[in-house]
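Q: One structure is given below, represented as structure tokens, and several questions about it will come after.
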Amino acid sequence: MATGPPSPIRPAHALPLPFRPSPLDPVHWVSKDFRLLFGGRVTKAALDGGASCPNRDGTRGRGGCAWCDPGGSGPDDLRPGEDWEARLRRLASRALERGDAGVIAYFQAFTATYGPPALLGEILDRAASVPGVVALAVGARPDCLPSETLEVLERAARLRFLWVEVGMQTCRDDTLALLNRGHGFEATRRAAGDLRERRIPFVLHLIAGLPGEDEGDLARSHGAALALGPWGLKLHPLHVVRGSALEARWRRGEVLLWERERYVRAAADLLEATPPEIAVHRLTGERPEGVLLAPSWCGDKRAVLGALQRELARRRSFQGRACPPSLPRNAPGQEDAPLRAGG
């Protein structure tokens, strides 16, 4: 008998009843769960915990992934001389002052799990102790989750709201090789299995419009991601940032980037095929002026989400429309809201 994808492993203390999208409120943004769970608005504090990357130091390769900037896709607004802990305290304090419920300490730059496991455990403990921190998110390459690191993450996930963000990007090994990723899709499959075995929630990242890939390739990667049982998904279009290896190829005319309309249609298709219990963490990418080179429309997150909202409205569609019914309707208190609620 055929079976569907495994049920997602959800963070400890997560809501027992996931959000159910509808034509009036079409996306299960993770921010909706956060508002109900923490009683208010929660934002991410992007951090650079000092880790490097095996694709830069020669362990896996040199130069990093083709799309990655020199800062390892970390925060764009770092202050000189401010370490990650001081930045986290500043951002958490500011969030509490404006009435937010708190912040998520998101170790985003490079590969947060690349380094001594004991040091990672110490960093997570320190971050969790900062007033206003309500959850932890850890960015990881799928080939940087050895058993010792998984043990640290497993212990942390038992005690606090924590998840791991895994850069899958695509299921095509030839694309991963072309973009100097340093591993194949099997690394993601193995990492997801290890995380599920330890009941550590994880979010998978996908990129639309990678060189040589079309909507069919994106749909196959999306299906492969769902089969791994993630708690959440992130999707954004391929964009070129200053200082990345992709920049030189783009300037030579070797990289063709999607137009906004094409991306919006593809994102709507993927949403329709995403089960409603999957939390959507991102549906576009945004980098500041001076960092983003192309496409220019990636610099306006609100416009992209607005276009996606209109496309879903045109279709009278919503997340999970193409999936078999699996969940009851919205839980009490889950109001209809526009697409800007998350992303």
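Labels for the structure tokens follow display order: chains A, B, ..., residues from 1 in each chain, ligands from 1.
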Need to verify the contact set: segment 180-194 of chain A, 8 Å, only C-alpha atoms, exclusion of same-chain residues closer than 3 positions in sequence. Can you return it as a ChimeraX atom specification?

A: /A:55,60-61,64-66,142-143,145,150,166,168,170-173,176-177,197-198,202,228-230

Q: Keeping C-alpha atoms, export the residues of the selection given above as a PDB file, in the first residue's frame.

A:
ATOM      1  CA  ASN A  55      33.352  24.385   1.707  1.00  0.00           C
ATOM      2  CA  ARG A  60      35.045  19.955   1.272  1.00  0.00           C
ATOM      3  CA  GLY A  61      36.202  22.658  -1.095  1.00  0.00           C
ATOM      4  CA  GLY A  64      32.053  28.422  -0.822  1.00  0.00           C
ATOM      5  CA  CYS A  65      28.783  27.695  -2.598  1.00  0.00           C
ATOM      6  CA  ALA A  66      28.322  29.755  -5.767  1.00  0.00           C
ATOM      7  CA  PRO A 142      23.457  18.483   5.780  1.00  0.00           C
ATOM      8  CA  ASP A 143      27.009  17.131   5.785  1.00  0.00           C
ATOM      9  CA  LEU A 145      25.665  16.977  11.494  1.00  0.00           C
ATOM     10  CA  LEU A 150      23.280  15.668  16.971  1.00  0.00           C
ATOM     11  CA  VAL A 166      19.126  22.505   6.614  1.00  0.00           C
ATOM     12  CA  MET A 168      18.916  21.242   0.798  1.00  0.00           C
ATOM     13  CA  THR A 170      17.765  21.001  -4.777  1.00  0.00           C
ATOM     14  CA  CYS A 171      17.629  17.223  -5.161  1.00  0.00           C
ATOM     15  CA  ARG A 172      19.710  17.288  -8.352  1.00  0.00           C
ATOM     16  CA  ASP A 173      23.294  16.225  -7.738  1.00  0.00           C
ATOM     17  CA  LEU A 176      24.769  20.884  -6.539  1.00  0.00           C
ATOM     18  CA  ALA A 177      28.093  20.025  -8.177  1.00  0.00           C
ATOM     19  CA  GLU A 197      15.473   9.610  14.626  1.00  0.00           C
ATOM     20  CA  ARG A 198      16.415  12.004  17.427  1.00  0.00           C
ATOM     21  CA  PHE A 202      14.140  20.695  10.948  1.00  0.00           C
ATOM     22  CA  LEU A 228      11.863  13.652   4.328  1.00  0.00           C
ATOM     23  CA  GLY A 229       9.242  14.883   6.813  1.00  0.00           C
ATOM     24  CA  PRO A 230      10.364  18.447   7.616  1.00  0.00           C
TER      25      PRO A 230
END

Q: Could you pull out all residues of segment 88-333 of chain A with a DSSP call of strand (DSSP E) and give them as number ranges by chain?

A: A: 102-107, 133-140, 162-169, 202-208, 232-237, 240-241, 279-282, 292-294

Q: Write out as a list in words the residues lying within 8 Å of segment 99-103 of chain A, counting only C-alpha atoms and excluding same-chain residues fewer than 6 positions away.

A: Phe38, Gly39, Gly40, Arg41, Val42, Thr43, Lys44, Ala45, Leu91, Ala92, Gly132, Val133, Val134 and Ala135 of chain A

Q: Which residue out of A:Arg262, A:Arg87, A:His236, A:Arg220 has the minimum interatomic distance to Thr284 of chain A when only C-alpha atoms are used?

A: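 Smallest separation from Thr284 of chain A among the options: A:His236.
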
Q: Would you give me, as a ChimeraX atom specification, the residues in segment 81-317 of chain A that DSSP reads as alpha helix (DSSP H)?

A: /A:84-97,117-128,147-159,173-178,185-197,215-226,245-251,260-272,301-315

Q: For the selection just defined, write its residues with C-alpha atoms to a file, as an mmCIF file, in the first residue's frame.

A:
data_model
loop_
_atom_site.group_PDB
_atom_site.id
_atom_site.type_symbol
_atom_site.label_atom_id
_atom_site.label_comp_id
_atom_site.auth_asym_id
_atom_site.auth_seq_id
_atom_site.Cartn_x
_atom_site.Cartn_y
_atom_site.Cartn_z
ATOM 1 C CA TRP A 84 26.965 37.655 18.593
ATOM 2 C CA GLU A 85 25.969 37.721 22.255
ATOM 3 C CA ALA A 86 25.993 41.512 22.495
ATOM 4 C CA ARG A 87 24.003 41.720 19.270
ATOM 5 C CA LEU A 88 21.467 39.212 20.594
ATOM 6 C CA ARG A 89 21.048 41.110 23.859
ATOM 7 C CA ARG A 90 20.566 44.369 21.985
ATOM 8 C CA LEU A 91 17.986 42.941 19.560
ATOM 9 C CA ALA A 92 16.108 41.039 22.287
ATOM 10 C CA SER A 93 15.972 44.123 24.511
ATOM 11 C CA ARG A 94 14.702 46.256 21.640
ATOM 12 C CA ALA A 95 12.009 43.669 20.832
ATOM 13 C CA LEU A 96 10.760 43.616 24.410
ATOM 14 C CA GLU A 97 10.756 47.420 24.575
ATOM 15 C CA PRO A 117 30.056 20.089 19.552
ATOM 16 C CA ALA A 118 30.820 21.205 23.113
ATOM 17 C CA LEU A 119 31.289 24.780 21.896
ATOM 18 C CA LEU A 120 27.948 24.636 20.067
ATOM 19 C CA GLY A 121 26.270 23.456 23.255
ATOM 20 C CA GLU A 122 27.830 26.316 25.204
ATOM 21 C CA ILE A 123 26.700 28.860 22.605
ATOM 22 C CA LEU A 124 23.130 27.535 22.646
ATOM 23 C CA ASP A 125 23.022 27.648 26.441
ATOM 24 C CA ARG A 126 24.292 31.228 26.480
ATOM 25 C CA ALA A 127 21.812 32.299 23.829
ATOM 26 C CA ALA A 128 18.885 30.678 25.635
ATOM 27 C CA SER A 147 26.559 12.144 15.867
ATOM 28 C CA GLU A 148 28.254 14.222 18.587
ATOM 29 C CA THR A 149 26.636 17.401 17.262
ATOM 30 C CA LEU A 150 23.280 15.668 16.971
ATOM 31 C CA GLU A 151 23.540 14.683 20.641
ATOM 32 C CA VAL A 152 24.031 18.350 21.597
ATOM 33 C CA LEU A 153 21.057 19.412 19.487
ATOM 34 C CA GLU A 154 18.906 16.586 20.827
ATOM 35 C CA ARG A 155 19.566 17.619 24.426
ATOM 36 C CA ALA A 156 18.848 21.253 23.622
ATOM 37 C CA ALA A 157 15.627 20.415 21.762
ATOM 38 C CA ARG A 158 14.279 18.568 24.816
ATOM 39 C CA LEU A 159 14.646 21.670 26.962
ATOM 40 C CA ASP A 173 23.294 16.225 -7.738
ATOM 41 C CA ASP A 174 24.512 17.761 -10.994
ATOM 42 C CA THR A 175 23.169 21.177 -9.969
ATOM 43 C CA LEU A 176 24.769 20.884 -6.539
ATOM 44 C CA ALA A 177 28.093 20.025 -8.177
ATOM 45 C CA LEU A 178 27.790 22.865 -10.697
ATOM 46 C CA PHE A 185 21.304 15.035 -2.164
ATOM 47 C CA GLU A 186 22.072 11.852 -0.250
ATOM 48 C CA ALA A 187 23.665 14.020 2.454
ATOM 49 C CA THR A 188 20.310 15.768 2.972
ATOM 50 C CA ARG A 189 18.445 12.469 3.023
ATOM 51 C CA ARG A 190 20.841 11.110 5.643
ATOM 52 C CA ALA A 191 20.724 14.278 7.757
ATOM 53 C CA ALA A 192 16.930 14.321 7.734
ATOM 54 C CA GLY A 193 16.836 10.689 8.829
ATOM 55 C CA ASP A 194 19.272 11.359 11.672
ATOM 56 C CA LEU A 195 17.304 14.408 12.832
ATOM 57 C CA ARG A 196 13.997 12.539 12.711
ATOM 58 C CA GLU A 197 15.473 9.610 14.626
ATOM 59 C CA GLU A 215 9.596 24.402 -12.704
ATOM 60 C CA GLY A 216 9.594 20.636 -13.096
ATOM 61 C CA ASP A 217 12.943 20.340 -11.341
ATOM 62 C CA LEU A 218 11.704 22.589 -8.548
ATOM 63 C CA ALA A 219 8.575 20.459 -8.143
ATOM 64 C CA ARG A 220 10.694 17.295 -7.941
ATOM 65 C CA SER A 221 12.933 18.872 -5.293
ATOM 66 C CA HIS A 222 9.854 19.979 -3.374
ATOM 67 C CA GLY A 223 8.459 16.453 -3.479
ATOM 68 C CA ALA A 224 11.792 15.026 -2.358
ATOM 69 C CA ALA A 225 11.860 17.510 0.529
ATOM 70 C CA LEU A 226 8.344 16.619 1.686
ATOM 71 C CA ALA A 245 31.178 33.146 -7.122
ATOM 72 C CA LEU A 246 27.923 33.463 -9.050
ATOM 73 C CA GLU A 247 28.588 37.154 -9.640
ATOM 74 C CA ALA A 248 31.282 36.561 -12.275
ATOM 75 C CA ARG A 249 29.104 34.066 -14.180
ATOM 76 C CA TRP A 250 26.178 36.483 -14.079
ATOM 77 C CA ARG A 251 28.291 39.377 -15.386
ATOM 78 C CA ARG A 260 9.065 37.827 -10.737
ATOM 79 C CA GLU A 261 5.913 36.575 -12.462
ATOM 80 C CA ARG A 262 7.497 33.218 -13.207
ATOM 81 C CA TYR A 263 8.674 32.822 -9.639
ATOM 82 C CA VAL A 264 5.274 33.762 -8.228
ATOM 83 C CA ARG A 265 3.521 31.147 -10.366
ATOM 84 C CA ALA A 266 6.008 28.477 -9.322
ATOM 85 C CA ALA A 267 5.727 29.417 -5.640
ATOM 86 C CA ALA A 268 1.933 29.227 -5.832
ATOM 87 C CA ASP A 269 2.186 25.777 -7.423
ATOM 88 C CA LEU A 270 4.444 24.586 -4.615
ATOM 89 C CA LEU A 271 2.172 25.999 -1.939
ATOM 90 C CA GLU A 272 -0.787 24.123 -3.384
ATOM 91 C CA LYS A 301 9.891 41.557 -0.281
ATOM 92 C CA ARG A 302 6.494 43.169 0.222
ATOM 93 C CA ALA A 303 5.891 43.438 -3.524
ATOM 94 C CA VAL A 304 6.812 39.799 -4.100
ATOM 95 C CA LEU A 305 4.495 38.580 -1.354
ATOM 96 C CA GLY A 306 1.765 40.876 -2.622
ATOM 97 C CA ALA A 307 2.075 39.378 -6.096
ATOM 98 C CA LEU A 308 1.895 35.887 -4.612
ATOM 99 C CA GLN A 309 -1.180 36.887 -2.627
ATOM 100 C CA ARG A 310 -2.864 38.063 -5.823
ATOM 101 C CA GLU A 311 -1.937 34.900 -7.690
ATOM 102 C CA LEU A 312 -3.432 32.708 -4.969
ATOM 103 C CA ALA A 313 -6.542 34.893 -4.897
ATOM 104 C CA ARG A 314 -6.863 34.636 -8.678
ATOM 105 C CA ARG A 315 -6.793 30.854 -8.356
#

Q: Point out the residue among A:Pro21, A:Gly167, A:Pro201, A:Pro211 with the least atom-to-atom distance to Ser317 of chain A, counting only C-alpha atoms.

A: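 Nearest candidate to Ser317 of chain A out of A:Pro21, A:Gly167, A:Pro201, A:Pro211: A:Pro21.
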
Q: Between A:Pro237, A:Gly49, A:Gly209, A:Pro276, which has the minimum distance to Val255 of chain A (counting only C-alpha atoms)?

A: A:Gly209

Q: Under the rule that only C-alpha atoms are counted, which of A:Arg56, A:Arg321, A:Arg287, A:Lys234 is the nearest residue to Glu165 of chain A?

A: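 Among the listed residues, the smallest separation from Glu165 of chain A belongs to A:Lys234.
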